[in-house]
$ cat protein.csv   # CSV, C-alpha atoms
chain,number,residue,atom,x,y,z
A,1255,MET,CA,29.4,-80.2,-76.8
A,1256,ASP,CA,32.9,-80.1,-75.3
A,1257,ALA,CA,35.0,-77.0,-74.7
A,1258,ARG,CA,37.9,-76.5,-77.1
A,1259,LEU,CA,40.2,-75.6,-74.2
A,1260,ASN,CA,40.6,-76.2,-70.5
A,1261,TYR,CA,41.9,-72.9,-69.2
A,1262,PHE,CA,43.3,-74.4,-66.0
A,1263,ALA,CA,45.2,-77.3,-67.6
A,1264,SER,CA,48.3,-75.2,-68.2
A,1265,PRO,CA,50.0,-73.7,-65.2
A,1266,ASN,CA,50.8,-70.2,-66.5
A,1267,PRO,CA,47.6,-69.4,-68.3
A,1268,GLY,CA,45.6,-71.0,-65.5
A,1269,LYS,CA,47.4,-68.8,-63.0
A,1270,ALA,CA,46.6,-65.7,-65.0
A,1271,LEU,CA,43.0,-66.7,-65.4
A,1272,LYS,CA,42.6,-67.3,-61.7
A,1273,HIS,CA,43.9,-63.7,-61.0
A,1274,PHE,CA,41.5,-62.4,-63.7
A,1275,MET,CA,38.5,-64.2,-62.2
A,1276,SER,CA,39.3,-62.8,-58.8
A,1277,ALA,CA,38.3,-59.4,-60.3
A,1278,GLY,CA,34.8,-60.8,-60.7
A,1279,LYS,CA,34.8,-61.8,-57.0
A,1280,ALA,CA,35.9,-58.3,-56.0
A,1281,LEU,CA,33.0,-56.8,-58.1
A,1282,LYS,CA,30.5,-59.0,-56.1
A,1283,GLU,CA,31.7,-57.1,-53.0
A,1284,SER,CA,31.3,-53.7,-54.5
A,1285,PRO,CA,28.6,-51.2,-53.5
A,1286,LEU,CA,26.8,-51.7,-56.8
A,1287,PRO,CA,23.5,-53.5,-55.8
A,1288,ALA,CA,23.7,-57.3,-56.3
A,1289,ALA,CA,20.4,-57.3,-58.3
A,1290,THR,CA,21.9,-54.7,-60.7
A,1291,GLN,CA,25.1,-56.7,-61.1
A,1292,GLU,CA,23.2,-59.8,-62.1
A,1293,LEU,CA,20.9,-58.0,-64.5
A,1294,VAL,CA,23.8,-56.2,-66.2
A,1295,ALA,CA,25.9,-59.5,-66.4
A,1296,LEU,CA,22.9,-61.2,-67.9
A,1297,ARG,CA,22.2,-58.5,-70.4
A,1298,VAL,CA,25.8,-58.2,-71.6
A,1299,SER,CA,25.9,-62.0,-72.0
A,1300,GLN,CA,22.7,-62.0,-73.9
A,1301,ILE,CA,24.0,-59.4,-76.4
A,1302,ASN,CA,27.2,-61.4,-76.8
A,1303,GLY,CA,25.4,-64.8,-77.1
A,1304,CYS,CA,27.5,-66.3,-74.2
A,1305,ALA,CA,25.3,-69.3,-73.2
A,1306,VAL,CA,27.5,-70.4,-70.3
A,1307,CYS,CA,27.3,-66.9,-68.7
A,1308,ILE,CA,23.6,-66.6,-69.4
A,1309,ASP,CA,23.2,-70.0,-67.6
A,1310,MET,CA,25.3,-68.9,-64.7
A,1311,HIS,CA,23.8,-65.4,-64.1
A,1312,THR,CA,20.2,-66.6,-64.5
A,1313,LYS,CA,20.8,-69.3,-61.9
A,1314,GLU,CA,22.8,-67.0,-59.5
A,1315,ALA,CA,20.1,-64.3,-59.7
A,1316,THR,CA,17.3,-66.9,-59.1
A,1317,ALA,CA,19.2,-68.3,-56.1
A,1318,ALA,CA,19.5,-64.7,-54.8
A,1319,GLY,CA,15.7,-64.3,-54.9
A,1320,GLU,CA,15.4,-62.5,-58.2
A,1321,ALA,CA,11.9,-62.7,-59.7
A,1322,PRO,CA,11.6,-64.9,-62.8
A,1323,VAL,CA,9.6,-62.3,-64.6
A,1324,ARG,CA,12.4,-59.8,-64.3
A,1325,LEU,CA,15.0,-62.3,-65.6
A,1326,ASN,CA,12.7,-63.2,-68.5
A,1327,LEU,CA,12.3,-59.5,-69.5
A,1328,VAL,CA,15.9,-58.4,-69.3
A,1329,ALA,CA,16.3,-58.9,-73.1
A,1330,ALA,CA,13.3,-56.5,-73.6
A,1331,TRP,CA,13.9,-54.2,-70.7
A,1332,ARG,CA,12.9,-51.0,-72.6
A,1333,GLU,CA,9.3,-52.2,-72.8
A,1334,ALA,CA,9.2,-53.8,-69.4
A,1335,THR,CA,7.8,-52.1,-66.3
A,1336,VAL,CA,9.5,-54.3,-63.8
A,1337,PHE,CA,12.8,-52.4,-63.6
A,1338,THR,CA,13.7,-49.3,-61.5
A,1339,GLU,CA,15.0,-46.2,-63.2
A,1340,ALA,CA,18.4,-47.0,-61.8
A,1341,GLU,CA,18.4,-50.5,-63.2
A,1342,ARG,CA,17.1,-49.2,-66.6
A,1343,VAL,CA,20.0,-46.8,-67.0
A,1344,ALA,CA,22.5,-49.5,-65.8
A,1345,LEU,CA,21.1,-51.8,-68.5
A,1346,GLU,CA,21.4,-49.0,-71.1
A,1347,LEU,CA,24.9,-48.2,-70.1
A,1348,ALA,CA,25.7,-52.0,-70.3
A,1349,GLU,CA,24.3,-52.2,-73.8
A,1350,GLN,CA,26.1,-49.1,-75.1
A,1351,GLY,CA,29.3,-50.3,-73.4
A,1352,THR,CA,29.0,-53.7,-75.0
A,1353,ARG,CA,28.0,-52.5,-78.5
A,1354,VAL,CA,30.9,-50.1,-78.8
A,1355,ALA,CA,31.5,-51.0,-82.4
A,1356,ASP,CA,27.8,-50.7,-83.2
A,1357,ALA,CA,27.2,-47.6,-81.2
A,1358,ALA,CA,30.2,-45.8,-82.8
A,1359,GLY,CA,30.9,-43.7,-79.8
A,1360,GLY,CA,30.4,-46.0,-76.8
A,1361,VAL,CA,28.4,-44.7,-73.9
A,1362,SER,CA,26.6,-41.4,-74.7
A,1363,ASN,CA,26.9,-38.3,-72.5
A,1364,GLU,CA,23.2,-38.5,-71.9
A,1365,VAL,CA,23.3,-42.1,-70.6
A,1366,TRP,CA,26.4,-41.3,-68.5
A,1367,ALA,CA,24.7,-38.3,-66.9
A,1368,ARG,CA,21.6,-40.3,-66.1
A,1369,ALA,CA,23.7,-43.1,-64.6
A,1370,ALA,CA,25.5,-40.5,-62.4
A,1371,GLU,CA,22.1,-39.4,-61.1
A,1372,HIS,CA,21.5,-42.9,-59.7
A,1373,TYR,CA,25.0,-44.2,-58.8
A,1374,ASP,CA,27.9,-42.6,-57.0
A,1375,GLY,CA,31.5,-42.7,-58.2
A,1376,GLU,CA,32.3,-46.0,-56.5
A,1377,GLN,CA,29.2,-47.6,-57.9
A,1378,LEU,CA,29.9,-46.2,-61.4
A,1379,THR,CA,33.4,-47.6,-61.3
A,1380,ALA,CA,32.0,-51.0,-60.4
A,1381,LEU,CA,29.4,-50.8,-63.1
A,1382,VAL,CA,31.9,-49.9,-65.8
A,1383,THR,CA,34.3,-52.5,-64.6
A,1384,LEU,CA,31.5,-55.1,-64.6
A,1385,VAL,CA,30.5,-54.4,-68.2
A,1386,SER,CA,34.1,-54.6,-69.3
A,1387,PHE,CA,34.8,-57.8,-67.2
A,1388,MET,CA,31.6,-59.5,-68.6
A,1389,ASN,CA,32.6,-58.7,-72.2
A,1390,ALA,CA,36.0,-60.2,-71.6
A,1391,VAL,CA,34.6,-63.3,-69.9
A,1392,ASN,CA,32.0,-63.7,-72.7
A,1393,ARG,CA,34.7,-63.7,-75.3
A,1394,LEU,CA,36.9,-66.2,-73.4
A,1395,ASN,CA,33.9,-68.5,-73.2
A,1396,ILE,CA,32.7,-68.0,-76.8
A,1397,ILE,CA,36.1,-68.5,-78.4
A,1398,THR,CA,36.6,-71.8,-76.6
A,1399,GLN,CA,32.9,-72.9,-76.9
A,1400,GLN,CA,32.4,-73.5,-73.2
A,1401,PRO,CA,29.2,-75.5,-72.8
A,1402,ALA,CA,26.2,-74.3,-70.9
A,1403,GLY,CA,23.5,-75.9,-68.8
A,1404,ASP,CA,25.5,-77.6,-66.1
A,1405,TYR,CA,26.3,-74.6,-63.9
A,1406,GLU,CA,25.6,-75.0,-60.2
A,1407,VAL,CA,25.0,-71.9,-58.0
A,1408,GLY,CA,28.2,-70.8,-56.3
A,1409,GLN,CA,30.4,-72.9,-58.5
A,1410,PHE,CA,32.9,-70.1,-59.4
A,1411,HIS,CA,32.7,-68.2,-56.1

$ encode --input "protein.csv" --output "structure tokens"
Amino acid sequence: MDARLNYFASPNPGKALKHFMSAGKALKESPLPAATQELVALRVSQINGCAVCIDMHTKEATAAGEAPVRLNLVAAWREATVFTEAERVALELAEQGTRVADAAGGVSNEVWARAAEHYDGEQLTALVTLVSFMNAVNRLNIITQQPAGDYEVGQFH
């Protein structure tokens, strides 16, 4: 499968995308735990069906030492015992923030309150920004049918 579009082939759109992707790099440096970031990025990408992002975040998490069992259970996190309470609420917030049309109200007050018990304001800002960023990147990749399977760890960082 070939991508429909090379984002960096045109100077102006390529420049805009480079700036956009720098937001992802800034998020990596946020105080939100790295494991939580990868789990959330993976879950958002699973919901949206973004194969290239699933490929990337699975490989990045594995390289960072994430246990395969946790990665394999992200899609069924509610029934899994391998996630902390903080990770569970981050995954729930990510799901509600991704399924805004389905959830008909976005992130519930209950989920927000539980997230605030585990994350401070800076971490919550990073979490919300990450969910939004991943949804945007997923859509860019899905619309242009970016192929998956060839990602190499660190390729975009």

$ atom_distance --input "protein.csv" --atom1 "atom CA of Pro1322 of chain A" --atom2 "atom CA of Leu1347 of chain A"
22.6 Å

$ closest_residue --input "protein.csv" --among "A:Leu1281, A:Ala1334, A:Ala1270, A:Leu1394" --to "Val1382 of chain A" --atoms "all atoms listed in the file"
A:Leu1281

$ residues_around --input "protein.csv" --residues "Val1298 of chain A" --least-positions-apart "3" --cutoff "10 Å" --atoms "all atoms listed in the file" --output "list in words"
Glu1292, Leu1293, Val1294, Ala1295, Ile1301, Asn1302, Gly1303, Cys1304, Cys1307, Ile1308, Ala1329, Leu1345, Ala1348, Glu1349, Gln1350, Gly1351, Thr1352, Arg1353, Leu1384, Val1385, Ser1386, Met1388, Asn1389 and Asn1392 of chain A

$ residues_around --input "protein.csv" --residues "Ala1367 of chain A" --least-positions-apart "2" --cutoff "12 Å" --atoms "all atoms listed in the file" --output "list in words"
Ala1340, Val1343, Ala1344, Glu1346, Leu1347, Val1361, Ser1362, Asn1363, Glu1364, Val1365, Ala1369, Ala1370, Glu1371, His1372, Tyr1373, Asp1374, Gly1375 and Leu1378 of chain A

$ residues_around --input "protein.csv" --residues "Asn1395 of chain A" --least-positions-apart "3" --cutoff "9 Å" --atoms "all atoms listed in the file" --output "JSON, numbers by chain"
{"A": [1257, 1304, 1305, 1306, 1307, 1390, 1391, 1392, 1398, 1399, 1400, 1401]}

$ residues_around --input "protein.csv" --residues "Leu1286 of chain A" --least-positions-apart "2" --cutoff "10 Å" --atoms "all atoms listed in the file" --output "PDB file with C-alpha atoms, in the coordinates of the input"
ATOM      1  CA  LEU A1281      33.000 -56.800 -58.100  1.00  0.00           C
ATOM      2  CA  LYS A1282      30.500 -59.000 -56.100  1.00  0.00           C
ATOM      3  CA  GLU A1283      31.700 -57.100 -53.000  1.00  0.00           C
ATOM      4  CA  SER A1284      31.300 -53.700 -54.500  1.00  0.00           C
ATOM      5  CA  ALA A1288      23.700 -57.300 -56.300  1.00  0.00           C
ATOM      6  CA  ALA A1289      20.400 -57.300 -58.300  1.00  0.00           C
ATOM      7  CA  THR A1290      21.900 -54.700 -60.700  1.00  0.00           C
ATOM      8  CA  GLN A1291      25.100 -56.700 -61.100  1.00  0.00           C
ATOM      9  CA  TYR A1373      25.000 -44.200 -58.800  1.00  0.00           C
ATOM     10  CA  ASP A1374      27.900 -42.600 -57.000  1.00  0.00           C
ATOM     11  CA  GLU A1376      32.300 -46.000 -56.500  1.00  0.00           C
ATOM     12  CA  GLN A1377      29.200 -47.600 -57.900  1.00  0.00           C
ATOM     13  CA  LEU A1378      29.900 -46.200 -61.400  1.00  0.00           C
ATOM     14  CA  THR A1379      33.400 -47.600 -61.300  1.00  0.00           C
ATOM     15  CA  ALA A1380      32.000 -51.000 -60.400  1.00  0.00           C
ATOM     16  CA  LEU A1381      29.400 -50.800 -63.100  1.00  0.00           C
ATOM     17  CA  LEU A1384      31.500 -55.100 -64.600  1.00  0.00           C
TER      18      LEU A1384
END

$ atom_distance --input "protein.csv" --atom1 "atom CA of Gln1409 of chain A" --atom2 "atom CA of Met1310 of chain A"
9.0 Å

$ closest_residue --input "protein.csv" --among "A:Asp1256, A:Glu1341, A:Asp1309, A:Asp1404" --to "Val1328 of chain A" --atoms "all atoms listed in the file"
A:Glu1341

$ atom_distance --input "protein.csv" --atom1 "atom CA of Lys1313 of chain A" --atom2 "atom CA of Asn1326 of chain A"
12.1 Å

$ decode --input "protein.csv" --residues "segment 1345-1394 of chain A" --atoms "N, CA and C atoms" --output "compact mmCIF listing (two decimals), in the first residue's frame"
# COMPACT_ATOMS: atom_id res chain seq x y z
N LEU A 1345 -6.84 6.13 30.46
CA LEU A 1345 -7.39 5.41 29.31
C LEU A 1345 -8.88 5.72 29.13
N GLU A 1346 -9.60 5.83 30.24
CA GLU A 1346 -11.03 6.16 30.15
C GLU A 1346 -11.23 7.58 29.62
N LEU A 1347 -10.43 8.52 30.11
CA LEU A 1347 -10.51 9.89 29.62
C LEU A 1347 -10.17 9.92 28.13
N ALA A 1348 -9.17 9.16 27.72
CA ALA A 1348 -8.78 9.10 26.31
C ALA A 1348 -9.92 8.56 25.46
N GLU A 1349 -10.59 7.52 25.94
CA GLU A 1349 -11.72 6.96 25.19
C GLU A 1349 -12.86 7.96 25.06
N GLN A 1350 -13.24 8.57 26.18
CA GLN A 1350 -14.34 9.53 26.12
C GLN A 1350 -13.97 10.75 25.29
N GLY A 1351 -12.71 11.17 25.36
CA GLY A 1351 -12.27 12.31 24.57
C GLY A 1351 -12.14 12.01 23.10
N THR A 1352 -11.96 10.74 22.77
CA THR A 1352 -11.87 10.32 21.37
C THR A 1352 -13.25 10.08 20.78
N ARG A 1353 -14.14 9.54 21.58
CA ARG A 1353 -15.49 9.20 21.10
C ARG A 1353 -16.48 10.31 21.42
N VAL A 1354 -16.10 11.54 21.17
CA VAL A 1354 -16.96 12.66 21.54
C VAL A 1354 -18.32 12.59 20.85
N ALA A 1355 -18.37 12.16 19.62
CA ALA A 1355 -19.65 12.05 18.93
C ALA A 1355 -20.47 10.91 19.53
N ASP A 1356 -19.83 9.80 19.84
CA ASP A 1356 -20.52 8.65 20.42
C ASP A 1356 -20.93 8.91 21.87
N ALA A 1357 -20.06 9.59 22.61
CA ALA A 1357 -20.31 9.82 24.03
C ALA A 1357 -21.33 10.93 24.26
N ALA A 1358 -21.59 11.72 23.24
CA ALA A 1358 -22.59 12.79 23.31
C ALA A 1358 -22.42 13.64 24.56
N GLY A 1359 -21.26 14.09 24.80
CA GLY A 1359 -21.03 14.92 25.97
C GLY A 1359 -19.56 14.97 26.32
N GLY A 1360 -18.78 14.20 25.62
CA GLY A 1360 -17.34 14.21 25.87
C GLY A 1360 -16.98 13.54 27.16
N VAL A 1361 -16.00 14.10 27.85
CA VAL A 1361 -15.50 13.52 29.09
C VAL A 1361 -16.46 13.87 30.23
N SER A 1362 -16.92 12.86 30.92
CA SER A 1362 -17.88 13.07 32.00
C SER A 1362 -17.22 13.75 33.19
N ASN A 1363 -18.04 14.40 34.02
CA ASN A 1363 -17.53 15.03 35.24
C ASN A 1363 -16.91 14.00 36.18
N GLU A 1364 -17.47 12.80 36.21
CA GLU A 1364 -16.95 11.73 37.07
C GLU A 1364 -15.53 11.33 36.64
N VAL A 1365 -15.34 11.13 35.35
CA VAL A 1365 -14.02 10.75 34.86
C VAL A 1365 -13.02 11.89 35.09
N TRP A 1366 -13.47 13.12 34.85
CA TRP A 1366 -12.58 14.26 35.06
C TRP A 1366 -12.15 14.35 36.53
N ALA A 1367 -13.08 14.17 37.43
CA ALA A 1367 -12.77 14.24 38.87
C ALA A 1367 -11.79 13.13 39.26
N ARG A 1368 -12.01 11.93 38.74
CA ARG A 1368 -11.08 10.83 39.04
C ARG A 1368 -9.70 11.10 38.47
N ALA A 1369 -9.64 11.68 37.27
CA ALA A 1369 -8.34 12.01 36.66
C ALA A 1369 -7.62 13.06 37.51
N ALA A 1370 -8.37 14.02 38.03
CA ALA A 1370 -7.77 15.08 38.85
C ALA A 1370 -7.24 14.54 40.18
N GLU A 1371 -7.73 13.39 40.61
CA GLU A 1371 -7.20 12.75 41.82
C GLU A 1371 -5.81 12.17 41.59
N HIS A 1372 -5.50 11.83 40.34
CA HIS A 1372 -4.24 11.17 40.01
C HIS A 1372 -3.22 12.07 39.31
N TYR A 1373 -3.70 13.13 38.68
CA TYR A 1373 -2.82 13.99 37.89
C TYR A 1373 -2.99 15.44 38.29
N ASP A 1374 -1.88 16.17 38.36
CA ASP A 1374 -1.97 17.60 38.66
C ASP A 1374 -2.35 18.37 37.39
N GLY A 1375 -2.49 19.68 37.52
CA GLY A 1375 -2.93 20.51 36.41
C GLY A 1375 -2.04 20.41 35.19
N GLU A 1376 -0.74 20.39 35.39
CA GLU A 1376 0.19 20.29 34.26
C GLU A 1376 0.06 18.93 33.56
N GLN A 1377 -0.09 17.88 34.34
CA GLN A 1377 -0.24 16.55 33.77
C GLN A 1377 -1.58 16.41 33.06
N LEU A 1378 -2.65 16.99 33.65
CA LEU A 1378 -3.96 16.95 32.98
C LEU A 1378 -3.92 17.70 31.66
N THR A 1379 -3.23 18.83 31.65
CA THR A 1379 -3.11 19.59 30.40
C THR A 1379 -2.40 18.75 29.35
N ALA A 1380 -1.34 18.08 29.76
CA ALA A 1380 -0.60 17.21 28.83
C ALA A 1380 -1.48 16.06 28.35
N LEU A 1381 -2.26 15.47 29.25
CA LEU A 1381 -3.13 14.36 28.89
C LEU A 1381 -4.20 14.79 27.87
N VAL A 1382 -4.85 15.89 28.14
CA VAL A 1382 -5.89 16.40 27.23
C VAL A 1382 -5.27 16.76 25.88
N THR A 1383 -4.12 17.40 25.91
CA THR A 1383 -3.44 17.78 24.67
C THR A 1383 -3.03 16.54 23.89
N LEU A 1384 -2.52 15.52 24.59
CA LEU A 1384 -2.12 14.28 23.93
C LEU A 1384 -3.31 13.61 23.25
N VAL A 1385 -4.44 13.52 23.93
CA VAL A 1385 -5.62 12.90 23.33
C VAL A 1385 -6.03 13.67 22.08
N SER A 1386 -6.05 14.98 22.15
CA SER A 1386 -6.41 15.80 21.00
C SER A 1386 -5.40 15.66 19.88
N PHE A 1387 -4.12 15.69 20.23
CA PHE A 1387 -3.05 15.56 19.24
C PHE A 1387 -3.13 14.22 18.53
N MET A 1388 -3.30 13.14 19.28
CA MET A 1388 -3.37 11.82 18.68
C MET A 1388 -4.57 11.69 17.75
N ASN A 1389 -5.70 12.25 18.13
CA ASN A 1389 -6.86 12.20 17.26
C ASN A 1389 -6.58 12.93 15.94
N ALA A 1390 -5.90 14.06 16.01
CA ALA A 1390 -5.57 14.81 14.79
C ALA A 1390 -4.59 14.01 13.93
N VAL A 1391 -3.54 13.47 14.54
CA VAL A 1391 -2.54 12.71 13.78
C VAL A 1391 -3.18 11.46 13.17
N ASN A 1392 -4.04 10.79 13.93
CA ASN A 1392 -4.74 9.61 13.40
C ASN A 1392 -5.52 9.98 12.14
N ARG A 1393 -6.20 11.09 12.18
CA ARG A 1393 -7.00 11.50 11.03
C ARG A 1393 -6.12 11.85 9.83
N LEU A 1394 -5.02 12.53 10.06
CA LEU A 1394 -4.10 12.83 8.97
C LEU A 1394 -3.62 11.53 8.30
